[in-house]
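Shown next: my_file_21.cif, containing mmCIF, C-alpha atoms.
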```
data_input
#
loop_
_atom_site.label_atom_id
_atom_site.label_comp_id
_atom_site.auth_asym_id
_atom_site.auth_seq_id
_atom_site.Cartn_x
_atom_site.Cartn_y
_atom_site.Cartn_z
CA MET F 1 40.26 -12.74 -10.45
CA ALA F 2 39.94 -9.72 -8.22
CA LYS F 3 38.06 -6.96 -9.87
CA ALA F 4 39.55 -3.57 -10.64
CA LYS F 5 38.84 -0.75 -8.23
CA LYS F 6 35.22 0.25 -8.59
CA LYS F 7 34.30 3.62 -10.00
CA TRP F 8 31.95 5.77 -7.94
CA TYR F 9 28.90 4.87 -10.00
CA GLN F 10 29.68 1.16 -9.68
CA LYS F 11 29.47 1.31 -5.89
CA VAL F 12 26.11 0.52 -4.32
CA SER F 13 26.97 3.05 -1.59
CA PHE F 14 26.55 5.90 -4.06
CA TYR F 15 22.96 4.89 -4.82
CA ARG F 16 22.29 4.24 -1.14
CA TYR F 17 23.55 7.67 -0.09
CA LEU F 18 21.47 9.23 -2.85
CA THR F 19 18.32 7.43 -1.68
CA GLN F 20 19.03 8.22 1.97
CA GLY F 21 19.68 11.87 1.08
CA ILE F 22 16.36 12.23 -0.76
CA VAL F 23 14.36 10.74 2.13
CA PHE F 24 16.32 12.64 4.77
CA LEU F 25 15.80 16.02 3.08
CA PHE F 26 12.13 15.22 2.45
CA ILE F 27 11.51 14.41 6.12
CA LEU F 28 13.70 17.30 7.29
CA ARG F 29 11.50 19.71 5.34
CA PHE F 30 8.33 18.40 6.99
CA TYR F 31 10.05 18.27 10.38
CA LEU F 32 11.02 21.94 10.17
CA ARG F 33 7.53 22.88 8.98
CA HIS F 34 6.04 21.06 11.96
CA VAL F 35 8.45 22.39 14.60
CA LEU F 36 8.84 25.96 13.41
CA TYR F 37 5.47 26.73 11.83
CA MET F 38 3.12 24.09 13.33
CA GLU F 39 2.16 23.04 9.83
CA GLY F 40 1.61 19.40 8.90
CA ASN F 41 2.32 16.54 11.26
CA VAL F 42 5.67 14.91 10.60
CA GLU F 43 4.76 12.05 12.97
CA GLU F 44 2.38 10.78 10.32
CA PHE F 45 5.38 9.66 8.27
CA CYS F 46 6.36 7.19 11.00
CA PRO F 47 5.41 3.66 9.91
CA PHE F 48 5.49 2.45 13.51
CA GLY F 49 2.48 4.70 14.17
CA GLY F 50 0.65 2.41 11.76
CA LEU F 51 1.33 -0.62 13.93
CA GLU F 52 0.27 1.34 17.01
CA THR F 53 -3.00 2.50 15.50
CA LEU F 54 -3.71 -0.82 13.75
CA PHE F 55 -5.67 -2.35 16.62
CA SER F 56 -7.74 0.80 17.16
CA TYR F 57 -8.49 1.05 13.45
CA ALA F 58 -9.36 -2.64 13.15
CA THR F 59 -11.71 -2.61 16.14
CA THR F 60 -13.28 0.86 16.13
CA GLY F 61 -12.46 2.27 12.69
CA THR F 62 -10.69 5.27 14.22
CA TYR F 63 -7.06 6.27 14.37
CA LEU F 64 -5.21 7.00 17.59
CA LYS F 65 -4.42 10.64 18.32
CA GLN F 66 -1.44 11.88 16.30
CA THR F 67 -1.78 9.07 13.77
CA SER F 68 -3.62 8.89 10.47
CA ALA F 69 -4.24 6.77 7.41
CA LEU F 70 -0.72 7.65 6.26
CA ASN F 71 0.87 5.83 9.22
CA LEU F 72 -1.22 2.78 8.52
CA ALA F 73 -0.57 2.81 4.77
CA LEU F 74 3.17 3.29 5.23
CA PHE F 75 3.27 0.45 7.74
CA GLY F 76 1.40 -1.88 5.39
CA THR F 77 3.62 -0.95 2.45
CA LEU F 78 6.71 -1.43 4.57
CA ILE F 79 5.64 -4.89 5.65
CA PHE F 80 5.00 -5.77 2.01
CA LEU F 81 8.40 -4.41 0.96
CA THR F 82 10.14 -6.21 3.84
CA LEU F 83 8.60 -9.51 2.81
CA LEU F 84 9.82 -8.94 -0.73
CA PHE F 85 13.16 -7.21 -0.16
CA ARG F 86 13.99 -7.82 3.49
CA ASN F 87 15.34 -5.03 5.72
CA GLY F 88 16.12 -2.47 3.03
CA PHE F 89 14.08 0.24 4.75
CA CYS F 90 16.56 0.46 7.64
CA GLY F 91 19.63 0.61 5.44
CA TRP F 92 18.30 2.71 2.58
CA LEU F 93 15.42 4.91 3.70
CA CYS F 94 15.14 5.46 7.45
CA PRO F 95 16.05 9.10 8.25
CA ILE F 96 16.99 8.17 11.83
CA GLY F 97 19.51 5.67 10.44
CA THR F 98 20.81 8.31 8.04
CA ALA F 99 21.19 10.85 10.86
CA GLN F 100 23.20 8.31 12.87
CA GLU F 101 25.45 7.68 9.88
CA ILE F 102 26.03 11.42 9.49
CA ILE F 103 26.91 11.76 13.19
CA ARG F 104 29.18 8.70 12.97
CA ALA F 105 31.00 10.24 10.00
CA GLY F 106 31.43 13.41 12.07
CA GLY F 107 32.72 11.33 14.99
CA LYS F 108 35.26 9.63 12.75
CA GLY F 109 36.34 13.01 11.40
CA VAL F 110 36.81 14.48 14.86
CA GLY F 111 38.51 11.28 16.11
CA GLY F 112 41.02 11.57 13.29
CA LEU F 113 42.17 15.03 14.35
CA PRO F 114 45.86 15.07 15.39
CA ILE F 115 44.98 16.60 18.75
CA LEU F 116 42.84 13.55 19.59
CA LYS F 117 45.30 11.01 18.24
CA ASN F 118 46.32 9.72 21.67
CA ILE F 119 42.76 9.55 23.01
CA ASN F 120 41.67 7.71 19.87
CA LYS F 121 44.58 5.28 20.21
CA ASN F 122 43.71 4.56 23.84
CA TYR F 123 40.04 4.17 22.92
CA HIS F 124 40.85 1.53 20.31
CA LYS F 125 43.21 -0.20 22.76
CA PHE F 126 40.37 -0.32 25.28
CA LEU F 127 38.02 -1.79 22.65
CA LYS F 128 40.55 -4.44 21.72
CA LYS F 129 41.31 -5.33 25.34
CA HIS F 130 37.66 -5.75 26.31
CA GLN F 131 36.50 -7.10 22.96
CA THR F 132 34.91 -10.27 24.34
CA THR F 133 33.03 -8.54 27.16
CA LEU F 134 31.82 -5.72 24.92
CA HIS F 135 30.69 -8.22 22.29
CA ALA F 136 28.70 -10.16 24.91
CA ILE F 137 27.08 -6.94 26.21
CA ASP F 138 26.30 -5.87 22.64
CA LEU F 139 24.60 -9.19 21.84
CA GLN F 140 22.42 -9.03 24.95
CA ALA F 141 21.60 -5.34 24.54
CA ARG F 142 20.33 -5.97 21.02
CA LYS F 143 17.49 -7.98 22.53
CA LEU F 144 16.22 -4.85 24.33
CA LYS F 145 14.39 -3.59 21.27
CA TYR F 146 12.34 -6.78 20.95
CA LEU F 147 11.26 -6.51 24.57
CA ALA F 148 10.44 -2.83 24.03
CA LEU F 149 8.44 -3.73 20.90
CA PHE F 150 6.31 -6.21 22.80
CA ILE F 151 5.68 -3.79 25.70
CA VAL F 152 4.92 -0.80 23.46
CA VAL F 153 2.52 -2.66 21.16
CA ALA F 154 0.71 -4.37 24.05
CA ALA F 155 0.42 -1.13 26.07
CA THR F 156 -0.72 0.92 23.05
CA TRP F 157 -3.32 -1.61 21.97
CA PHE F 158 -4.72 -2.04 25.48
CA THR F 159 -4.81 1.65 26.43
CA ALA F 160 -5.71 3.00 22.97
CA ASP F 161 -3.17 5.76 23.57
CA LEU F 162 0.33 6.40 22.24
CA VAL F 163 2.05 5.45 25.49
CA ILE F 164 5.41 5.47 23.74
CA ARG F 165 5.38 9.24 23.20
CA ASP F 166 7.37 10.19 26.28
CA TYR F 167 9.96 7.52 25.43
CA ASP F 168 10.06 8.30 21.74
CA LEU F 169 13.16 9.79 20.17
CA ILE F 170 11.13 11.26 17.30
CA VAL F 171 8.70 13.01 19.67
CA ALA F 172 11.68 14.31 21.65
CA LEU F 173 13.05 15.75 18.40
CA ILE F 174 9.71 17.41 17.64
CA ARG F 175 9.49 18.87 21.13
CA ILE F 176 13.13 19.90 21.18
CA LEU F 177 12.30 23.63 21.33
CA ALA F 178 10.30 23.12 24.52
CA PHE F 179 13.16 20.96 25.89
CA PRO F 180 10.94 18.66 27.97
CA LEU F 181 12.92 16.40 30.31
CA THR F 182 11.59 13.05 29.15
CA ILE F 183 13.11 9.60 28.71
CA GLY F 184 12.77 10.21 24.96
CA LEU F 185 15.13 13.17 25.27
CA ALA F 186 17.57 11.01 27.26
CA ILE F 187 17.46 8.37 24.50
CA LEU F 188 18.02 11.12 21.91
CA VAL F 189 21.07 12.47 23.75
CA LEU F 190 22.40 8.94 24.32
CA THR F 191 21.90 8.07 20.64
CA VAL F 192 23.76 11.17 19.48
CA ALA F 193 26.59 10.52 21.95
CA LEU F 194 26.91 6.82 21.07
CA SER F 195 26.65 7.54 17.33
CA LEU F 196 29.92 9.46 17.56
CA PHE F 197 31.69 6.24 18.59
CA MET F 198 29.73 3.41 16.99
CA ASP F 199 27.53 2.60 14.00
CA ARG F 200 23.76 2.93 14.39
CA PRO F 201 23.33 2.48 18.17
CA PHE F 202 19.63 3.38 18.04
CA CYS F 203 18.99 0.72 15.38
CA LYS F 204 20.88 -1.88 17.41
CA TYR F 205 19.38 -1.30 20.84
CA PHE F 206 16.28 0.88 20.84
CA CYS F 207 14.43 0.94 17.53
CA VAL F 208 11.05 -0.77 17.83
CA MET F 209 10.33 -0.24 14.13
CA GLY F 210 13.65 -1.93 13.36
CA ALA F 211 12.68 -4.82 15.64
CA THR F 212 9.40 -5.23 13.73
CA ILE F 213 11.20 -5.14 10.38
CA ASN F 214 13.82 -7.61 11.61
CA LEU F 215 11.14 -10.10 12.67
CA VAL F 216 9.15 -9.73 9.44
CA GLY F 217 12.39 -9.74 7.42
CA LYS F 218 13.17 -13.23 8.66
CA LEU F 219 10.15 -14.40 6.64
CA SER F 220 11.52 -12.89 3.45
CA PRO F 221 13.11 -15.32 1.00
CA LEU F 222 15.74 -12.75 -0.06
CA ARG F 223 19.28 -13.17 1.29
CA ILE F 224 22.80 -12.03 0.52
CA VAL F 225 24.70 -15.17 -0.42
CA LYS F 226 28.42 -15.81 -0.56
CA ASN F 227 30.21 -17.58 -3.35
CA GLU F 228 32.36 -19.98 -1.33
CA GLU F 229 34.54 -20.74 -4.32
CA LYS F 230 35.63 -17.14 -4.55
CA CYS F 231 35.76 -16.20 -0.87
CA ILE F 232 39.33 -15.85 0.43
CA HIS F 233 38.18 -15.04 3.99
CA CYS F 234 39.82 -11.64 3.90
CA SER F 235 37.20 -10.29 6.39
CA LEU F 236 36.76 -7.04 4.47
CA CYS F 237 33.00 -7.66 4.49
CA ASN F 238 33.07 -8.11 8.27
CA LYS F 239 34.92 -4.84 8.71
CA ALA F 240 32.49 -2.99 6.46
CA CYS F 241 29.34 -4.24 8.20
CA PRO F 242 27.83 -1.50 10.42
CA MET F 243 25.80 -4.08 12.34
CA LYS F 244 28.94 -6.11 13.12
CA ILE F 245 27.62 -9.32 11.58
CA ASP F 246 30.13 -12.09 11.04
CA LEU F 247 29.77 -12.73 7.33
CA CYS F 248 33.03 -14.61 6.95
CA GLN F 249 31.89 -17.65 8.88
CA SER F 250 28.64 -18.14 7.02
CA ASN F 251 27.76 -18.75 3.39
CA LYS F 252 24.52 -16.81 3.60
CA ILE F 253 23.68 -13.61 5.43
CA ASP F 254 20.78 -14.66 7.59
CA ALA F 255 21.48 -12.49 10.63
CA ILE F 256 18.33 -10.86 11.90
CA ASP F 257 20.07 -7.47 12.25
CA CYS F 258 21.25 -7.26 8.63
CA ASN F 259 19.86 -3.99 7.26
CA HIS F 260 20.75 -4.70 3.64
CA CYS F 261 23.01 -1.68 3.27
CA PHE F 262 25.19 -3.78 0.90
CA LYS F 263 28.40 -2.35 2.32
CA CYS F 264 29.68 -5.94 2.36
CA ILE F 265 29.00 -6.29 -1.38
CA ASP F 266 30.90 -3.07 -2.01
CA ALA F 267 33.78 -4.19 0.21
CA CYS F 268 34.19 -7.62 -1.40
CA PRO F 269 37.22 -7.54 -3.71
CA TYR F 270 35.73 -10.22 -5.97
CA GLU F 271 33.12 -9.83 -8.61
CA ASP F 272 30.25 -12.17 -7.75
CA GLY F 273 31.73 -12.79 -4.28
CA LEU F 274 28.53 -11.68 -2.61
CA SER F 275 25.20 -11.42 -4.39
CA LEU F 276 21.48 -11.27 -3.79
CA ALA F 277 19.40 -14.41 -4.14
CA TYR F 278 15.87 -15.58 -3.50
CA LEU F 279 15.33 -18.89 -1.71
CA PRO F 280 18.98 -19.76 -1.00
CA SER F 281 19.20 -23.52 -0.59
CA GLU F 282 21.15 -23.22 2.69
CA ILE F 283 18.07 -21.76 4.32
CA TYR F 284 15.27 -23.46 2.52
CA ARG F 285 16.96 -26.85 2.29
CA LEU F 286 16.34 -27.14 -1.42
CA PRO F 287 18.29 -30.03 -2.95
CA GLN F 288 21.57 -28.71 -4.28
CA LYS F 289 22.69 -30.05 -7.60
CA THR F 290 26.12 -31.61 -7.65
CA THR F 291 28.66 -30.52 -10.25
CA ASN F 292 27.99 -33.74 -12.14
CA GLU F 293 24.27 -33.13 -12.20
CA ARG F 294 24.80 -29.56 -13.38
CA LEU F 295 26.94 -30.85 -16.22
CA GLY F 296 24.28 -33.38 -17.04
CA GLY F 297 26.44 -36.33 -15.95
CA MET A 1 17.86 -20.68 -5.46
CA TYR A 2 17.29 -17.76 -7.79
CA LYS A 3 20.20 -15.36 -8.02
CA LEU A 4 19.21 -11.82 -8.87
CA PRO A 5 21.11 -10.02 -11.62
CA HIS A 6 24.03 -7.92 -10.39
CA LYS A 7 22.49 -4.68 -11.56
CA PHE A 8 19.49 -5.24 -9.33
CA LYS A 9 21.40 -3.92 -6.31
CA TYR A 10 21.56 -0.49 -7.99
CA PHE A 11 17.77 -0.41 -8.34
CA TYR A 12 17.03 -1.81 -4.89
CA GLY A 13 16.75 1.58 -3.17
CA PHE A 14 14.88 3.11 -6.10
CA ILE A 15 12.19 0.42 -5.85
CA LEU A 16 11.80 0.98 -2.10
CA LEU A 17 11.79 4.76 -2.46
CA THR A 18 9.22 4.94 -5.26
CA THR A 19 6.89 2.47 -3.55
CA ILE A 20 6.96 4.39 -0.27
CA PHE A 21 6.55 7.79 -1.96
CA ALA A 22 3.74 6.48 -4.17
CA THR A 23 1.93 5.22 -1.06
CA ALA A 24 2.29 8.58 0.68
CA PHE A 25 1.08 10.40 -2.45
CA LEU A 26 -1.98 8.18 -2.81
CA VAL A 27 -2.94 8.53 0.86
CA ASN A 28 -2.59 12.30 0.56
CA LEU A 29 -5.08 12.24 -2.31
CA THR A 30 -7.67 10.69 0.00
CA GLY A 31 -7.40 13.65 2.40
CA ASN A 32 -6.92 11.44 5.42
CA THR A 33 -3.65 12.94 6.49
CA THR A 34 -2.32 16.28 7.68
CA ALA A 35 1.27 15.42 6.86
CA PHE A 36 1.34 17.41 3.61
CA SER A 37 -1.27 20.02 4.41
CA GLY A 38 -0.69 23.53 5.59
CA GLY A 39 -3.28 23.27 8.32
CA GLY A 40 -2.84 22.82 12.05
CA ALA A 41 -0.51 20.04 13.00
CA SER A 42 -3.14 17.62 14.28
CA SER A 43 -6.39 17.25 16.12
CA ASP A 44 -4.89 18.67 19.31
CA LEU A 45 -2.50 21.04 17.56
CA ALA A 46 1.10 19.89 17.39
CA GLY A 47 2.05 17.42 20.09
CA GLY A 48 5.09 19.54 20.84
CA ASP A 49 3.02 22.62 21.47
CA TYR A 50 0.53 20.95 23.75
CA ASP A 51 2.76 21.59 26.75
CA GLU A 52 2.75 25.30 26.01
CA ILE A 53 -1.02 25.31 25.47
CA ARG A 54 -1.50 23.68 28.86
CA GLY A 55 -0.42 26.98 30.42
CA LYS A 56 -3.54 28.57 28.97
CA GLY A 57 -5.77 26.70 31.35
CA LEU A 58 -6.65 23.83 29.06
CA GLU A 59 -5.68 20.71 30.95
CA ALA A 60 -7.16 18.23 28.46
CA PRO A 61 -6.22 18.08 24.78
CA VAL A 62 -7.82 20.93 22.87
CA GLY A 63 -10.27 18.67 21.06
CA LYS A 64 -11.78 17.54 24.36
CA ASN A 65 -12.43 21.05 25.68
CA THR A 66 -15.65 22.90 25.13
CA ILE A 67 -15.72 25.52 22.41
CA GLY A 68 -16.41 28.14 25.08
CA ALA A 69 -13.29 27.18 27.03
CA ILE A 70 -11.17 27.32 23.90
CA ILE A 71 -12.56 30.70 22.88
CA ALA A 72 -11.77 32.02 26.35
CA ALA A 73 -8.31 30.46 26.58
CA PHE A 74 -7.17 31.79 23.22
CA GLU A 75 -9.05 35.08 23.53
CA LEU A 76 -10.75 34.38 20.22
CA ASP A 77 -13.48 36.48 18.73
CA LYS A 78 -16.54 34.24 19.04
CA GLU A 79 -18.33 35.47 15.91
CA GLU A 80 -15.19 35.35 13.79
CA PHE A 81 -14.36 31.86 15.05
CA PHE A 82 -17.86 30.46 14.47
CA THR A 83 -17.99 31.97 10.98
CA ALA A 84 -14.55 30.59 10.12
CA ILE A 85 -15.51 27.07 11.04
CA GLY A 86 -18.97 27.29 9.53
CA LEU A 87 -21.03 26.97 12.70
CA PRO A 88 -24.30 28.82 13.33
CA LEU A 89 -23.86 31.60 15.88
CA ASP A 90 -26.39 29.97 18.22
CA PHE A 91 -24.38 26.74 18.29
CA PRO A 92 -23.93 25.74 21.97
CA GLU A 93 -20.55 26.70 23.36
CA THR A 94 -20.78 23.79 25.74
CA GLU A 95 -20.17 21.27 22.96
CA THR A 96 -16.68 19.87 22.94
CA MET A 97 -14.63 20.18 19.80
CA VAL A 98 -14.68 16.44 19.36
CA ASP A 99 -18.50 16.44 19.46
CA THR A 100 -18.63 19.36 17.05
CA ILE A 101 -16.35 17.56 14.63
CA THR A 102 -18.59 14.49 14.81
CA LYS A 103 -21.82 16.44 14.48
CA HIS A 104 -20.57 18.30 11.45
CA LYS A 105 -19.30 15.07 9.94
CA MET A 106 -15.78 16.36 9.49
CA THR A 107 -14.53 13.03 8.29
CA THR A 108 -11.21 14.08 6.87
CA TYR A 109 -8.25 15.56 8.67
CA LYS A 110 -8.15 18.41 6.21
CA LYS A 111 -11.63 19.51 7.30
CA VAL A 112 -10.63 19.23 10.94
CA ASN A 113 -7.61 21.35 10.21
CA GLY A 114 -9.84 23.97 8.68
CA TYR A 115 -11.67 23.94 12.00
CA LEU A 116 -8.46 24.44 13.91
CA LYS A 117 -7.13 27.17 11.64
CA PRO A 118 -8.48 30.16 13.62
CA ILE A 119 -7.08 28.70 16.86
CA LYS A 120 -3.75 28.06 15.26
CA ALA A 121 -3.63 31.59 13.81
CA LYS A 122 -4.44 33.06 17.20
CA TYR A 123 -1.91 30.84 18.90
CA ASP A 124 0.79 31.87 16.42
CA GLN A 125 -0.04 35.50 17.07
CA ILE A 126 0.18 35.02 20.85
CA ARG A 127 3.48 33.23 20.44
CA LYS A 128 4.90 36.00 18.25
CA GLU A 129 3.77 38.67 20.70
CA THR A 130 5.32 36.75 23.62
CA ALA A 131 8.58 36.35 21.68
CA ALA A 132 8.64 40.06 20.84
CA GLU A 133 8.27 40.97 24.50
#
```
In structure tokens, write the structure found in this file.
Amino acid sequence: MAKAKKKWYQKVSFYRYLTQGIVFLFILRFYLRHVLYMEGNVEEFCPFGGLETLFSYATTGTYLKQTSALNLALFGTLIFLTLLFRNGFCGWLCPIGTAQEIIRAGGKGVGGLPILKNINKNYHKFLKKHQTTLHAIDLQARKLKYLALFIVVAATWFTADLVIRDYDLIVALIRILAFPLTIGLAILVLTVALSLFMDRPFCKYFCVMGATINLVGKLSPLRIVKNEEKCIHCSLCNKACPMKIDLCQSNKIDAIDCNHCFKCIDACPYEDGLSLAYLPSEIYRLPQKTTNERLGG
Amino acid sequence: MYKLPHKFKYFYGFILLTTIFATAFLVNLTGNTTAFSGGGASSDLAGGDYDEIRGKGLEAPVGKNTIGAIIAAFELDKEEFFTAIGLPLDFPETETMVDTITKHKMTTYKKVNGYLKPIKAKYDQIRKETAAE
């Protein structure tokens, strides 16, 4: 039986927005302190800095410039959490992800204005017409971040310098007052522009931290699983997914890009339609009990 | 397969959040971070301000310049600066800041920030004066 409409406190989204809001405001405070008053170093909250400085710390016992023990500790904790709970960091904590969601909400708001009705209609027509091509481009472009991850880590470890800085969106944000014309600034502008039209473009195509989490997340035994008996293939979960993962065609959510935002769980009209499970048999090939066995027959 | 209870999804974010915040808090207790401190942004001042500092004649990161060069570039008062960072007045100006930090065994970032404080204060003052003009 389809469940009744959920109340606000029954939606996972409410708790996710709350968590995202806390982290976003926390980081925003330190960002403003850094940029306006040169106090504290907001870059030390970046877990990717931990991966970058890992080699230097392991071999010489020193941290790379602009990184500290905090980067390393956050990276280690994040890897631990990803192994236990998969990609929750991206969907629930990352302030860059939150910022993209805020911009996307703004984009939707502006796109819904009556004055832009025709443009919006044509835009959606264009998307529908070129759906196959755009999907193919999207799939290939998502591989960019893995290539970037390999290059960045190799270059940083070999040169013992944060070579990513000029290409880094976060550094571009920190240096925004000086307005340096770097590739990082170009990525920042592109991310803001794309975020108006699509969900989480930076996470999909550029984020090297996301790429690391995705790869580690594959090792986690936690998955979102679908109750096939209840699924009516309504595709509401597909529509809700910001990473455009096809949940309808699979009985477990094993896509590498899944950021565990649980929007699919919220969207599912059935109680117990989608749930969280450790070691789902479809992945780990555990012997599934038949109905007879379950009944003791 | 072990299905998690339904209510777990409501606590999912809370678990992640508290673990991350607890880590940050514990690292801050060790003093090996400048993220929470009120000191200078990092060992070469804030990365974002480095470009502006370059204009003062310091082509390498501040930490790699000699104390003399830094004093000259920021028009610092030598005595005041040396007293603030706890160096003897006859300490050689030719030492780089990195060497000084090593010699004085400034092992935590907080101590290094204390070292950078006079420079930062002077830099802030210069920036304010420039903005006022």
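Each of F:Asn238, F:Gln100, F:Asn87, F:Gln10 was checked against Val192 of chain F using all atoms listed in the file; the smallest atom-to-atom distance is that of F:Gln100.
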Next item on the list: Starting from the shown file, work through the PyMOL selection byres ((chain F) within 7 of (chain A)) and note down what comes out as a PyMOL selection string.
Entry: chain F and resi 12+15-16+19+34+38-42+44+66+68-70+73-74+77+92+174-175+276-281
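The spacing separating atom CA of Pro269 of chain F from atom CA of Met198 of chain F amounts to 24.6 Å.
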Margin query: At a cut-off of 10 Å, using only C-alpha atoms, what residues contact Cys207 of chain F? Leave out same-chain residues fewer than 6 positions from it and give the result as number ranges by chain.
Written below: F: 48, 96-97, 142, 144-146, 148-149, 168-169, 201, 213
Checklist line | Residues in the PyMOL selection byres ((chain F and resi 209) around 12), expressed as number ranges by chain | finding: F: 46-52, 74-75, 78-79, 82, 87, 89-90, 94, 96-97, 145-146, 148-150, 152-153, 168, 170, 202-208, 210-217
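The coordinates place atom CA of Ser195 of chain F at 21.7 Å from atom CA of Ala255 of chain F.
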Next item on the list: Between F:Gly88, F:Ala99, F:Arg200, F:Asn120, single out the one closest to Ile224 of chain F, counting only C-alpha atoms.
Entry: F:Gly88
Test item: axis-aligned box, all listed atoms of segment 65-76 of chain A, 3 Å on each side, centre and edges in Å rounded to one decimal, as lines of an AutoDock Vina configuration file:
```
center_x = -11.8
center_y = 28.1
center_z = 23.6
size_x = 15.2
size_y = 20.0
size_z = 12.8
```
Item checked: Non-local contacts of segment 105-112 of chain F (12 Å; all atoms listed in the file; under 3 positions in same chain excluded) as number ranges by chain -> F: 98-102, 115-124, 192-200
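Note that the spacing between atom CA of Gln20 of chain F and atom CA of Leu93 of chain F amounts to 5.2 Å.
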